[in-house]
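Below: final.cif (mmCIF, C-alpha atoms)
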```cif
data_protein
loop_
_atom_site.label_atom_id
_atom_site.label_comp_id
_atom_site.auth_asym_id
_atom_site.auth_seq_id
_atom_site.Cartn_x
_atom_site.Cartn_y
_atom_site.Cartn_z
CA MET A 1 14.17 -46.26 94.05
CA ILE A 2 16.80 -46.18 96.80
CA ILE A 3 20.20 -47.84 96.31
CA ASN A 4 22.45 -48.66 99.25
CA ILE A 5 25.97 -47.62 98.23
CA SER A 6 27.76 -48.26 101.53
CA ASP A 7 30.05 -50.87 99.91
CA ILE A 8 31.18 -48.32 97.29
CA LEU A 9 31.70 -45.46 99.74
CA GLN A 10 33.81 -47.59 102.09
CA SER A 11 36.28 -48.86 99.46
CA ALA A 12 38.54 -46.69 97.33
CA ASN A 13 38.24 -47.16 93.55
CA LYS A 14 35.22 -49.44 93.91
CA GLU A 15 32.58 -49.16 91.21
CA ARG A 16 29.27 -50.71 90.29
CA THR A 17 26.84 -50.47 87.37
CA GLU A 18 23.17 -51.09 87.94
CA GLU A 19 20.08 -51.01 85.78
CA VAL A 20 17.66 -48.84 87.70
CA THR A 21 13.97 -48.33 87.00
CA ILE A 22 12.48 -44.89 87.51
CA GLY A 23 9.76 -44.92 90.14
CA LEU A 24 8.25 -41.53 89.21
CA GLU A 25 4.70 -41.74 87.82
CA SER A 26 4.34 -38.00 87.32
CA PHE A 27 6.51 -34.90 87.38
CA SER A 28 5.31 -32.24 89.83
CA SER A 29 6.64 -28.71 89.89
CA LYS A 30 5.38 -25.14 90.30
CA LEU A 31 4.08 -25.41 86.74
CA GLY A 32 1.73 -28.29 87.66
CA ASP A 33 1.57 -32.08 87.60
CA PHE A 34 2.56 -33.82 84.37
CA PRO A 35 1.93 -37.57 83.90
CA ILE A 36 4.87 -39.68 82.77
CA THR A 37 3.67 -42.06 80.05
CA GLN A 38 6.93 -43.84 79.20
CA LYS A 39 10.28 -44.27 80.89
CA THR A 40 13.42 -46.20 80.08
CA PRO A 41 15.57 -47.87 82.73
CA ILE A 42 18.83 -46.11 83.54
CA MET A 43 22.20 -47.85 83.41
CA LEU A 44 23.68 -46.04 86.40
CA HIS A 45 27.43 -46.27 86.93
CA ILE A 46 28.54 -45.44 90.48
CA GLU A 47 32.25 -45.09 91.26
CA ASN A 48 34.35 -44.13 94.28
CA VAL A 49 37.31 -42.26 92.78
CA GLU A 50 40.29 -42.64 95.12
CA ASN A 51 38.06 -42.24 98.18
CA ARG A 52 37.67 -38.53 97.35
CA GLN A 53 34.78 -38.32 94.88
CA LEU A 54 31.58 -40.21 94.22
CA ARG A 55 31.01 -40.28 90.48
CA LEU A 56 27.49 -40.90 89.11
CA GLU A 57 26.99 -41.45 85.38
CA GLY A 58 24.07 -42.66 83.33
CA SER A 59 21.38 -41.62 80.89
CA GLY A 60 17.70 -42.15 80.39
CA GLU A 61 14.60 -40.91 78.69
CA ILE A 62 11.03 -40.28 79.72
CA GLU A 63 7.90 -39.19 77.90
CA VAL A 64 5.71 -36.61 79.63
CA LEU A 65 2.32 -35.18 78.66
CA ILE A 66 2.79 -31.40 78.55
CA PRO A 67 0.05 -28.96 77.44
CA CYS A 68 0.71 -27.02 74.24
CA ASP A 69 1.65 -23.42 75.05
CA ARG A 70 -0.93 -22.07 72.59
CA CYS A 71 -3.95 -24.43 72.55
CA LEU A 72 -3.47 -26.47 75.77
CA THR A 73 -3.73 -29.83 73.96
CA GLU A 74 -1.60 -32.44 75.75
CA VAL A 75 1.54 -33.19 73.77
CA PRO A 76 3.65 -36.32 74.42
CA THR A 77 7.15 -34.88 74.88
CA LYS A 78 10.33 -36.94 75.17
CA ILE A 79 12.91 -35.64 77.62
CA HIS A 80 16.40 -37.15 77.40
CA PHE A 81 18.76 -36.64 80.30
CA ASP A 82 22.40 -37.47 80.98
CA ILE A 83 23.55 -37.90 84.55
CA ASP A 84 27.14 -36.83 85.12
CA ARG A 85 27.75 -35.85 88.73
CA ALA A 86 30.87 -35.78 90.88
CA LEU A 87 30.37 -35.33 94.62
CA SER A 88 33.01 -34.91 97.28
CA ILE A 89 32.99 -37.83 99.74
CA THR A 90 34.92 -36.16 102.56
CA GLU A 91 32.70 -33.72 104.46
CA ASP A 92 35.50 -31.28 105.26
CA THR A 93 36.05 -30.54 101.55
CA ALA A 94 32.39 -30.45 100.52
CA THR A 95 31.07 -26.96 99.90
CA ASP A 96 27.79 -25.70 101.38
CA GLU A 97 26.36 -25.37 97.88
CA GLU A 98 27.22 -29.00 97.10
CA MET A 99 25.61 -30.19 100.34
CA GLU A 100 22.42 -28.26 99.49
CA ILE A 101 22.13 -29.73 96.01
CA THR A 102 22.61 -33.35 97.02
CA ASP A 103 19.22 -34.11 98.52
CA TYR A 104 19.36 -37.41 96.60
CA LEU A 105 22.35 -38.70 98.64
CA ILE A 106 21.70 -39.12 102.35
CA GLY A 107 24.25 -41.15 104.24
CA PHE A 108 24.81 -44.42 102.38
CA GLU A 109 21.56 -44.24 100.39
CA LEU A 110 21.15 -42.87 96.89
CA ASP A 111 17.59 -41.85 95.99
CA VAL A 112 17.51 -42.35 92.21
CA ASP A 113 14.07 -40.75 91.82
CA LYS A 114 15.28 -37.48 93.36
CA LEU A 115 18.38 -37.59 91.14
CA VAL A 116 16.22 -38.14 88.04
CA TYR A 117 13.80 -35.39 89.16
CA ALA A 118 16.70 -32.91 89.26
CA GLU A 119 17.83 -33.96 85.78
CA ILE A 120 14.31 -33.64 84.35
CA LEU A 121 13.99 -30.19 85.87
CA VAL A 122 17.22 -29.06 84.19
CA ASN A 123 16.18 -30.53 80.81
CA TRP A 124 12.54 -29.33 80.87
CA PRO A 125 11.62 -27.75 77.50
CA MET A 126 11.13 -23.99 77.41
CA ARG A 127 8.20 -24.16 74.98
CA VAL A 128 6.01 -27.04 73.81
CA LEU A 129 3.80 -26.76 70.73
CA CYS A 130 1.46 -29.43 69.34
CA LYS A 131 2.55 -28.35 65.84
CA ASP A 132 4.62 -25.51 64.46
CA ASP A 133 1.63 -23.66 63.01
CA CYS A 134 -0.63 -24.06 66.08
CA GLN A 135 -3.41 -21.45 65.96
CA GLY A 136 -4.04 -21.46 69.72
CA ILE A 137 -7.38 -20.73 71.35
CA CYS A 138 -9.79 -17.84 70.85
CA LYS A 139 -9.30 -15.20 73.52
CA VAL A 140 -13.03 -14.48 73.62
CA CYS A 141 -14.82 -17.86 73.60
CA GLY A 142 -11.99 -20.36 74.18
CA THR A 143 -12.50 -22.40 70.99
CA ASN A 144 -9.47 -24.38 69.83
CA LEU A 145 -8.71 -22.67 66.51
CA ASN A 146 -6.86 -25.75 65.20
CA SER A 147 -10.11 -27.73 65.06
CA GLY A 148 -12.34 -24.95 63.72
CA SER A 149 -12.99 -21.24 63.64
CA CYS A 150 -15.40 -19.15 65.68
CA ASP A 151 -17.45 -16.02 64.95
CA CYS A 152 -15.67 -13.83 67.49
CA GLN A 153 -14.03 -10.58 66.45
CA ARG A 154 -10.31 -11.21 66.75
CA THR A 155 -8.94 -7.89 65.64
CA GLU A 156 -7.29 -6.18 68.55
CA LEU A 157 -7.28 -2.45 68.28
CA ASP A 158 -4.94 -0.10 70.02
CA PRO A 159 -6.67 0.98 73.26
CA ARG A 160 -5.61 4.57 72.58
CA MET A 161 -7.90 4.48 69.54
CA ALA A 162 -11.01 3.43 71.55
CA ALA A 163 -12.48 6.94 71.44
CA ILE A 164 -12.23 7.06 67.66
CA GLN A 165 -13.83 3.61 67.43
CA ASP A 166 -16.77 4.81 69.58
CA ILE A 167 -17.28 7.81 67.26
CA PHE A 168 -17.13 5.51 64.24
CA HIS A 169 -19.79 3.20 65.74
CA ASN A 170 -22.05 6.21 66.49
CA PHE A 171 -21.98 7.26 62.82
CA GLN A 172 -22.94 3.75 61.70
CA ASN A 173 -26.08 3.72 63.89
#
```

structure tokens encoding of this file:
Amino acid sequence: MIINISDILQSANKERTEEVTIGLESFSSKLGDFPITQKTPIMLHIENVENRQLRLEGSGEIEVLIPCDRCLTEVPTKIHFDIDRALSITEDTATDEEMEITDYLIGFELDVDKLVYAEILVNWPMRVLCKDDCQGICKVCGTNLNSGSCDCQRTELDPRMAAIQDIFHNFQN
């Protein structure tokens, strides 16, 4: 969703609060595409602080389906984010780094979806598990070990001991 904030940028100490709906249907990154199943509207507070800073504040929550890190079962994961940004309005005082980061503010238009995308990216969980004692999947046949076991040999031997294992198998035959 794009909000025109020209009235706020042109008047010092002007502010506005809007309820904004998130337009994102999925979250796409280098990790893959993750469907968004639930999202709450954001109460976004936009303020021009003495014609020097644009202040953006708000919070929201989404629910994303993320595969479990061990068994790949999709796990509904809530991601809460708080928006608290201060951007310099005057171009001569804005740093190059600040100009690079603000791809969500172009001219007098604020792209809320790009702002939310950046917040989701920062708050993305490091690890997602379907349950704390998730067994994962079998490395040999791919069976989900949470739903049942398989007949594969799961003992991993030290590769340096492979020669001894071969000798052991020869004596058994």

Counting only C-alpha atoms, find the residues whose atoms lie at most 7 Å from (29.2, -36.7, 98.2) (file coordinates) and write them out as a PyMOL selection string.
chain A and resi 53-54+87-89

Go ahead and compute the interatomic distance for atom CA of A:Glu61 and atom CA of A:Pro41, in Å to one decimal.
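Atom CA of A:Pro41 lies at a distance of 8.1 Å from atom CA of A:Glu61.
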
Please, what distance in Å, to one decimal, runs between atom CA of A:Cys68 and atom CA of A:Cys130?
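Between atom CA of A:Cys68 and atom CA of A:Cys130 the gap works out to 5.5 Å.
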
Result set, the PyMOL selection byres ((chain A and resi 115-129) around 6) on current file, as a PyMOL selection string
chain A and resi 68-69+104+112-114+130-131

Once the PyMOL selection byres ((chain A and resi 9) around 9) has been evaluated on this model, what residues remain selected, and can you format them as a list in words?
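Output from the PyMOL selection byres ((chain A and resi 9) around 9), applied to this file: Ile5, Ser6, Asp7, Ile8, Gln10, Ser11, Ala12, Lys14, Glu47, Asn48, Asn51, Leu54, Ile89 and Phe108 of chain A.
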
Listing only residues of stretch 57-137 of chain A within 6 Å of stretch 143-151 of chain A, what is the closest atom pair and its distance in Å (to one decimal) for each, using all atoms listed in the file, sorted by chain and residue number ascending, as a tab-separated table?
```
residue	atom	partner	partner_atom	distance
A:Gln135	CA	A:Leu145	CA	5.5
A:Gly136	CA	A:Leu145	CA	5.8
A:Ile137	CA	A:Asn144	CA	4.5
```

Which of these, A:Asn170, A:Gly107, A:Val20, A:Thr37, has the shortest distance to A:Asn4 once you count all atoms listed in the file?
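When distances to A:Asn4 are compared using all atoms listed in the file, the smallest one comes from A:Gly107.
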
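Selection check: the PyMOL selection byres ((chain A and resi 83-86) around 6) on the shown file gives Leu54, Arg55, Leu56, Glu57, Gly58, Ser59, Asp82 and Leu87 of chain A.
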
Between atom CA of A:Ile106 and atom CA of A:Leu44, what distance in Å does the model show, to one decimal?
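Between atom CA of A:Ile106 and atom CA of A:Leu44 the gap works out to 17.5 Å.
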
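Nearest residue to A:Phe27 among A:Val64, A:Val140, A:Leu110, A:Ala162 is A:Val64, counting only C-alpha atoms.
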
Of the listed residues A:Cys134, A:Met1, A:Leu31, A:Ile164, that which approaches A:Thr73 most closely, counting all atoms listed in the file:
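Once distances to A:Thr73 are computed over all atoms listed in the file, the minimum belongs to A:Cys134.
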
Could you tell me which of A:Ile3, A:Cys152, A:Ile167, A:Ile66 comes closest to A:His45 if we count only C-alpha atoms?
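With only C-alpha atoms as the atom set, the closest residue is A:Ile3.
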
Nearest-residue call for A:Ser28, choices A:Cys141, A:Ile2, A:Val75, A:Leu65, using all atoms listed in the file
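Using all atoms listed in the file, A:Ser28 sits closest to A:Leu65.
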
Please reconstruct the missing atoms of stretch 142-153 of chain A (target: all heavy atoms) and return them as an mmCIF file, in the coordinates of the input.
```
data_model
loop_
_atom_site.group_PDB
_atom_site.id
_atom_site.type_symbol
_atom_site.label_atom_id
_atom_site.label_comp_id
_atom_site.auth_asym_id
_atom_site.auth_seq_id
_atom_site.Cartn_x
_atom_site.Cartn_y
_atom_site.Cartn_z
ATOM 1 N N GLY A 142 -12.772 -19.202 73.761
ATOM 2 C CA GLY A 142 -11.990 -20.360 74.180
ATOM 3 C C GLY A 142 -11.988 -21.521 73.205
ATOM 4 O O GLY A 142 -11.519 -22.607 73.540
ATOM 5 N N THR A 143 -12.485 -21.342 72.000
ATOM 6 C CA THR A 143 -12.500 -22.400 70.990
ATOM 7 C C THR A 143 -11.079 -22.695 70.522
ATOM 8 O O THR A 143 -10.294 -21.778 70.289
ATOM 9 C CB THR A 143 -13.356 -21.969 69.775
ATOM 10 O OG1 THR A 143 -14.673 -21.694 70.216
ATOM 11 C CG2 THR A 143 -13.377 -23.036 68.704
ATOM 12 N N ASN A 144 -10.767 -23.990 70.376
ATOM 13 C CA ASN A 144 -9.470 -24.380 69.830
ATOM 14 C C ASN A 144 -9.493 -24.075 68.341
ATOM 15 O O ASN A 144 -10.249 -24.689 67.583
ATOM 16 C CB ASN A 144 -9.223 -25.878 70.086
ATOM 17 C CG ASN A 144 -7.834 -26.307 69.663
ATOM 18 O OD1 ASN A 144 -7.155 -25.625 68.902
ATOM 19 N ND2 ASN A 144 -7.413 -27.445 70.157
ATOM 20 N N LEU A 145 -8.694 -23.128 67.905
ATOM 21 C CA LEU A 145 -8.710 -22.670 66.510
ATOM 22 C C LEU A 145 -8.062 -23.659 65.553
ATOM 23 O O LEU A 145 -8.173 -23.497 64.340
ATOM 24 C CB LEU A 145 -8.045 -21.296 66.416
ATOM 25 C CG LEU A 145 -8.745 -20.197 67.224
ATOM 26 C CD1 LEU A 145 -7.939 -18.901 67.181
ATOM 27 C CD2 LEU A 145 -10.163 -19.966 66.743
ATOM 28 N N ASN A 146 -7.408 -24.697 66.060
ATOM 29 C CA ASN A 146 -6.860 -25.750 65.200
ATOM 30 C C ASN A 146 -7.967 -26.656 64.681
ATOM 31 O O ASN A 146 -7.861 -27.229 63.607
ATOM 32 C CB ASN A 146 -5.835 -26.593 65.962
ATOM 33 C CG ASN A 146 -4.607 -25.807 66.323
ATOM 34 O OD1 ASN A 146 -4.103 -25.019 65.536
ATOM 35 N ND2 ASN A 146 -4.129 -25.994 67.537
ATOM 36 N N SER A 147 -9.038 -26.821 65.460
ATOM 37 C CA SER A 147 -10.110 -27.730 65.060
ATOM 38 C C SER A 147 -11.256 -26.997 64.363
ATOM 39 O O SER A 147 -12.127 -27.628 63.787
ATOM 40 C CB SER A 147 -10.638 -28.488 66.285
ATOM 41 O OG SER A 147 -11.036 -27.590 67.292
ATOM 42 N N GLY A 148 -11.298 -25.708 64.398
ATOM 43 C CA GLY A 148 -12.340 -24.950 63.720
ATOM 44 C C GLY A 148 -12.261 -23.490 64.090
ATOM 45 O O GLY A 148 -11.555 -23.095 65.016
ATOM 46 N N SER A 149 -13.028 -22.679 63.354
ATOM 47 C CA SER A 149 -12.990 -21.240 63.640
ATOM 48 C C SER A 149 -14.247 -20.865 64.424
ATOM 49 O O SER A 149 -15.180 -21.631 64.554
ATOM 50 C CB SER A 149 -12.904 -20.449 62.338
ATOM 51 O OG SER A 149 -14.052 -20.709 61.542
ATOM 52 N N CYS A 150 -14.249 -19.669 64.938
ATOM 53 C CA CYS A 150 -15.400 -19.150 65.680
ATOM 54 C C CYS A 150 -15.814 -17.825 65.053
ATOM 55 O O CYS A 150 -15.135 -17.302 64.178
ATOM 56 C CB CYS A 150 -15.064 -18.999 67.154
ATOM 57 S SG CYS A 150 -13.755 -17.810 67.491
ATOM 58 N N ASP A 151 -16.928 -17.270 65.518
ATOM 59 C CA ASP A 151 -17.450 -16.020 64.950
ATOM 60 C C ASP A 151 -17.038 -14.786 65.743
ATOM 61 O O ASP A 151 -17.570 -13.707 65.536
ATOM 62 C CB ASP A 151 -18.979 -16.094 64.881
ATOM 63 C CG ASP A 151 -19.445 -17.174 63.920
ATOM 64 O OD1 ASP A 151 -18.702 -17.468 62.963
ATOM 65 O OD2 ASP A 151 -20.537 -17.728 64.134
ATOM 66 N N CYS A 152 -16.114 -14.953 66.655
ATOM 67 C CA CYS A 152 -15.670 -13.830 67.490
ATOM 68 C C CYS A 152 -14.818 -12.860 66.689
ATOM 69 O O CYS A 152 -14.102 -13.256 65.768
ATOM 70 C CB CYS A 152 -14.871 -14.331 68.690
ATOM 71 S SG CYS A 152 -15.799 -15.430 69.762
ATOM 72 N N GLN A 153 -14.887 -11.583 67.078
ATOM 73 C CA GLN A 153 -14.030 -10.580 66.450
ATOM 74 C C GLN A 153 -12.639 -10.707 67.062
ATOM 75 O O GLN A 153 -12.476 -10.603 68.261
ATOM 76 C CB GLN A 153 -14.579 -9.184 66.693
ATOM 77 C CG GLN A 153 -13.735 -8.101 66.067
ATOM 78 C CD GLN A 153 -14.280 -6.715 66.371
ATOM 79 O OE1 GLN A 153 -15.287 -6.558 67.028
ATOM 80 N NE2 GLN A 153 -13.574 -5.713 65.885
#
```
